[in-house]
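K.L.:
There's a structure below that I have some questions on.
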Amino acid sequence: MPNPSRKFRDFASVLALALAVSFIVQNSMAQDSTPSTSASQAPDSNSRAQAQDQSIETLKVNVEVVQLFFNVKDKHGALIPNLSKDNFDLFEDGKAQVIKYFKAESDLPLTLGILIDSSGSQMRVLDMEKEVGASFLESTLRSKDEAFVISFDVDINLLQDFTNSVSRLRRALNEAKINTGGVSCSGGPVGPQGPIPCSSTGPRGTALYDAVYLASHDEFSHEVGRKAMILLTDGEDQGSKLKIRDAIEAAQKADAICYVLLIADRGFYGSFGGYSGDSEMRKLTLETGGRVIEVGNKIEKLRQAFDQISQELRSQYNIGYVPTNTVRDGSFRKVEIKPKQHDYKIQARSGYYATARHEE
């Protein structure tokens with residue numbers, strides 16, 4: 001289990017490295033040392049890893065295993081339990097794969113990340129987010145689960161690192177404060193990533209994409225098992241140094257499912273132009289196996305959204321296979337889980353990065 005006192009490494013250094021890697025990838029095939037599958041890459045010294053089912057741990061000893069968590073729903077969106085591997089076909093880049101492991105994994109340890117938007121646009125809904133978010137953690141977290149809390153605006157703040165203490169997480173949520181930069185646009189607000197551009201009207205900075213990247217790269221990538229990131233935001237990014245594609249790639253490499261509770265105070269934006277963050281958020285959730293849930297500014301809708309996420313996280317299936325393509329070239333491999341019953345809908349991440357195995 002990570003030390004609870006562990007903090008993010010220097011934000012500027014992390015993002016500078018990310019930008020450099022992004023440039024290299026555009027010109028050559030880069031190798032990434034972060035595990036992109038959920039295969040065991042090191043001796044089992046993590047107590048949470050021991051809670052993984054022994055059958056798949058045995059399978060991981062000498063081979064690379066791709067492991068995916070997913071939900072199955074009917075045409076009305078209701079979760080479907082009690083299915084077996086015989087209900088599914090599995091494909092990687094269009095080629096059929098042999099399912100080596102399959103189980104309903106509602107009891108595996110869960111790692112949660114709560115990312116709360118504290119930019120100016122959330123001024124009238126932030127208190128609601130704190131209250132309902134804390135209630136969700138209280139009802140969802142068990143002794144073997146962990147969570148962390150990040151707020152993002154002009155800055156990105158790790159308010160609470162990994163803990164299973166709901167009281168600490170509640171205090172962390174309550175520490176989130178609206179921050180619009182505190183300086184004029186002409187002065188250029190400065191966040192942890194350096195100067196952040198802002199418009200003369202509206203929110204002065206919302207480093208949403210950078211926050212998703214950092215949560216994935218600095219927090220989730222060090223964890224095993226089931227991982228879910230929950231973003232409470234209107235989806236608008238202003239000032240991130242990274243792009244949405246960088247955020248998606250980092251989340252995919254960390255095996256983190258992303259849910260977005262789209263909380264938009266439409267009155268903040270006025271009748272002209274409105275907001276458009278939902279489009280990029282749908283890309284993020286579709287690629288990582290989560291989904292966007294529209295909340296608006298209604299507390300009951302927010303409670304219902306958290307209830308839906310809780311049910312989905314406790315109703316996941318876990319599927320594992322050894323890819324027929326054994327080349328570890330860092331490329332993205334598209335994975336499809338297809339139900340043999342055509343009216344079933346699969347909610348799963350779109351694939352993984354076939355990074356080189358890290359040898360001890």
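Within each chain, counting starts at residue 1; across the structure tokens, chains are named A, B, ... in the order shown, with ligands numbered 1 upward in that order.
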Just the residues within 8 Å of region 93-106 of chain A, please, counting only C-alpha atoms, with nothing from its chain fewer than 4 positions along; format it as a list of chain:residue names.
P.N.:
A:Ser55, A:Ile56, A:Asn82, A:Ser84, A:Lys85, A:Asp89, A:Leu313, A:Arg314, A:Ser315, A:Gln316, A:Tyr317, A:Asn318, A:Ile319, A:Gly320, A:Tyr321, A:Val322, A:Pro323, A:Thr324, A:Arg333, A:Lys334, A:Val335, A:Glu336
K.L.:
Convert the current residue selection to file output with N, CA and C atoms, as an mmCIF file, in the first residue's frame.
P.N.:
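The result, written out as out13.cif:
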data_model
loop_
_atom_site.group_PDB
_atom_site.id
_atom_site.type_symbol
_atom_site.label_atom_id
_atom_site.label_comp_id
_atom_site.auth_asym_id
_atom_site.auth_seq_id
_atom_site.Cartn_x
_atom_site.Cartn_y
_atom_site.Cartn_z
ATOM 1 N N SER A 55 -6.152 -17.824 -9.039
ATOM 2 C CA SER A 55 -6.063 -18.437 -10.366
ATOM 3 C C SER A 55 -5.432 -17.507 -11.375
ATOM 4 N N ILE A 56 -5.791 -16.237 -11.324
ATOM 5 C CA ILE A 56 -5.190 -15.317 -12.292
ATOM 6 C C ILE A 56 -3.786 -14.921 -11.855
ATOM 7 N N ASN A 82 -24.580 -12.677 -13.164
ATOM 8 C CA ASN A 82 -24.599 -14.146 -13.265
ATOM 9 C C ASN A 82 -24.342 -14.687 -14.667
ATOM 10 N N SER A 84 -21.519 -16.118 -17.617
ATOM 11 C CA SER A 84 -20.273 -16.887 -17.633
ATOM 12 C C SER A 84 -19.480 -16.525 -18.879
ATOM 13 N N LYS A 85 -18.261 -17.045 -18.979
ATOM 14 C CA LYS A 85 -17.434 -16.734 -20.148
ATOM 15 C C LYS A 85 -18.043 -17.274 -21.432
ATOM 16 N N ASP A 89 -17.580 -13.559 -26.640
ATOM 17 C CA ASP A 89 -16.429 -13.758 -27.517
ATOM 18 C C ASP A 89 -15.487 -12.589 -27.284
ATOM 19 N N LEU A 313 -19.716 -0.481 -10.078
ATOM 20 C CA LEU A 313 -18.437 -0.939 -9.553
ATOM 21 C C LEU A 313 -18.566 -2.237 -8.771
ATOM 22 N N ARG A 314 -19.734 -2.497 -8.217
ATOM 23 C CA ARG A 314 -19.958 -3.734 -7.469
ATOM 24 C C ARG A 314 -20.551 -4.833 -8.343
ATOM 25 N N SER A 315 -20.715 -4.566 -9.622
ATOM 26 C CA SER A 315 -21.322 -5.555 -10.522
ATOM 27 C C SER A 315 -20.445 -5.814 -11.733
ATOM 28 N N GLN A 316 -19.146 -5.707 -11.547
ATOM 29 C CA GLN A 316 -18.220 -5.866 -12.667
ATOM 30 C C GLN A 316 -17.866 -7.333 -12.903
ATOM 31 N N TYR A 317 -17.563 -7.626 -14.154
ATOM 32 C CA TYR A 317 -16.951 -8.897 -14.526
ATOM 33 C C TYR A 317 -15.470 -8.638 -14.778
ATOM 34 N N ASN A 318 -14.669 -9.674 -14.582
ATOM 35 C CA ASN A 318 -13.233 -9.596 -14.828
ATOM 36 C C ASN A 318 -12.883 -10.682 -15.834
ATOM 37 N N ILE A 319 -12.287 -10.264 -16.942
ATOM 38 C CA ILE A 319 -11.918 -11.214 -17.988
ATOM 39 C C ILE A 319 -10.425 -11.098 -18.243
ATOM 40 N N GLY A 320 -9.759 -12.238 -18.443
ATOM 41 C CA GLY A 320 -8.329 -12.230 -18.679
ATOM 42 C C GLY A 320 -7.946 -13.157 -19.825
ATOM 43 N N TYR A 321 -6.928 -12.758 -20.573
ATOM 44 C CA TYR A 321 -6.455 -13.587 -21.684
ATOM 45 C C TYR A 321 -4.984 -13.309 -21.951
ATOM 46 N N VAL A 322 -4.327 -14.272 -22.587
ATOM 47 C CA VAL A 322 -2.944 -14.121 -23.031
ATOM 48 C C VAL A 322 -2.981 -13.786 -24.519
ATOM 49 N N PRO A 323 -2.565 -12.604 -24.915
ATOM 50 C CA PRO A 323 -2.684 -12.195 -26.318
ATOM 51 C C PRO A 323 -1.926 -13.122 -27.269
ATOM 52 N N THR A 324 -2.522 -13.391 -28.415
ATOM 53 C CA THR A 324 -1.821 -14.163 -29.438
ATOM 54 C C THR A 324 -0.694 -13.341 -30.065
ATOM 55 N N ARG A 333 -3.564 -1.692 -28.634
ATOM 56 C CA ARG A 333 -4.294 -2.858 -29.130
ATOM 57 C C ARG A 333 -5.780 -2.694 -28.796
ATOM 58 N N LYS A 334 -6.601 -2.759 -29.785
ATOM 59 C CA LYS A 334 -8.040 -2.621 -29.588
ATOM 60 C C LYS A 334 -8.630 -3.951 -29.110
ATOM 61 N N VAL A 335 -9.373 -3.896 -28.025
ATOM 62 C CA VAL A 335 -9.977 -5.097 -27.460
ATOM 63 C C VAL A 335 -11.500 -4.964 -27.510
ATOM 64 N N GLU A 336 -12.155 -6.026 -27.960
ATOM 65 C CA GLU A 336 -13.612 -6.040 -28.015
ATOM 66 C C GLU A 336 -14.145 -7.273 -27.286
#
K.L.:
So which residues touch Phe148 (chain A) within 8 Å, counting only C-alpha atoms, skipping near sequence neighbours fewer than 5 positions away, as a list in words?
P.N.:
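After dropping sequence-adjacent residues, the list is Leu112, Gly113, Ile114, Leu158, Leu159, Gln160, Asp161, Phe162, Thr163 and Leu169 of chain A.
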K.L.:
Write the residues of the preceding selection, restricted to N, CA, C and O atoms, as a short mmCIF file (atom, residue, chain, number, x, y, z; two decimals), in the first residue's frame.
P.N.:
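So the final result, stored in out.cif, reads:
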data_model
loop_
_atom_site.label_atom_id
_atom_site.label_comp_id
_atom_site.auth_asym_id
_atom_site.auth_seq_id
_atom_site.Cartn_x
_atom_site.Cartn_y
_atom_site.Cartn_z
N LEU A 112 -10.27 4.20 -5.59
CA LEU A 112 -11.05 5.30 -6.14
C LEU A 112 -10.25 6.60 -6.12
O LEU A 112 -9.50 6.85 -5.19
N GLY A 113 -10.46 7.40 -7.15
CA GLY A 113 -9.93 8.76 -7.16
C GLY A 113 -11.07 9.72 -7.39
O GLY A 113 -11.82 9.58 -8.36
N ILE A 114 -11.25 10.67 -6.48
CA ILE A 114 -12.27 11.71 -6.64
C ILE A 114 -11.58 12.98 -7.09
O ILE A 114 -10.73 13.52 -6.38
N LEU A 158 -3.39 17.77 -4.49
CA LEU A 158 -3.69 16.48 -3.89
C LEU A 158 -4.11 16.75 -2.45
O LEU A 158 -3.28 16.94 -1.56
N LEU A 159 -5.40 16.75 -2.21
CA LEU A 159 -5.93 17.10 -0.90
C LEU A 159 -5.82 15.94 0.08
O LEU A 159 -5.71 16.16 1.29
N GLN A 160 -5.87 14.71 -0.43
CA GLN A 160 -5.72 13.53 0.41
C GLN A 160 -5.19 12.40 -0.44
O GLN A 160 -5.79 12.03 -1.43
N ASP A 161 -4.06 11.83 -0.03
CA ASP A 161 -3.52 10.67 -0.72
C ASP A 161 -4.27 9.43 -0.26
O ASP A 161 -5.21 9.51 0.54
N PHE A 162 -3.85 8.27 -0.73
CA PHE A 162 -4.58 7.02 -0.48
C PHE A 162 -4.88 6.80 1.00
O PHE A 162 -3.99 6.85 1.85
N THR A 163 -6.14 6.54 1.29
CA THR A 163 -6.58 6.20 2.63
C THR A 163 -7.91 5.49 2.54
O THR A 163 -8.63 5.65 1.54
N LEU A 169 -11.10 11.65 4.08
CA LEU A 169 -11.56 11.99 2.73
C LEU A 169 -12.61 13.09 2.78
O LEU A 169 -12.60 14.00 1.93
#
K.L.:
Pick out each residue of region 120-321 of chain A that DSSP on the backbone tags as strand (DSSP E); I need them as a ChimeraX atom specification.
P.N.:
/A:146-152,156-163,190-191,194-195,226-233,257-262,292-294,317-321
K.L.:
Hey, what's within 10 Å of Ala250 (chain A) if we count only C-alpha atoms and toss same-chain stuff fewer than 4 positions away? As number ranges by chain, please?
P.N.:
A: 18, 34, 36, 212-218, 220-221, 244-246, 254-256
K.L.:
In Å to one decimal, how far is CA of Asp74 (chain A) from CA of Phe332 (chain A)?
P.N.:
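Result for CA of Phe332 (chain A) versus CA of Asp74 (chain A): 28.8 Å, one decimal.
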K.L.:
Can you list, as a PyMOL selection string, every residue of region 96-282 of chain A that DSSP puts in alpha helix (DSSP H)?
P.N.:
chain A and resi 126-140+166-175+208-214+244-253+266-269+278-282
K.L.:
For Ser118 (chain A), please output as a VMD selection string all residues within 9 Å (counting only C-alpha atoms; exclusion window: fewer than 5 positions along the same chain).
P.N.:
chain A and resid 123 126 151 to 154 176 to 180 206 233
K.L.:
Taking only C-alpha atoms into account, which of A:Glu64, A:Asp155, A:Asp343, A:Glu129 comes nearest Lys298 (chain A)?
P.N.:
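Going through A:Glu64, A:Asp155, A:Asp343, A:Glu129 one by one, the smallest distance to Lys298 (chain A) is for A:Glu129.
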K.L.:
Between A:Leu137, A:Ile337, A:Leu242, A:Ala348, which has the minimum distance to Thr285 (chain A) (counting only C-alpha atoms)?
P.N.:
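Going through A:Leu137, A:Ile337, A:Leu242, A:Ala348 one by one, the smallest distance to Thr285 (chain A) is for A:Ala348.
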K.L.:
Find, counting only C-alpha atoms, the residue in A:Gln347, A:Gly235, A:Ile248, A:Leu173 that gets nearest to Glu294 (chain A).
P.N.:
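Checking each candidate against Glu294 (chain A), we get A:Gly235 as the closest.
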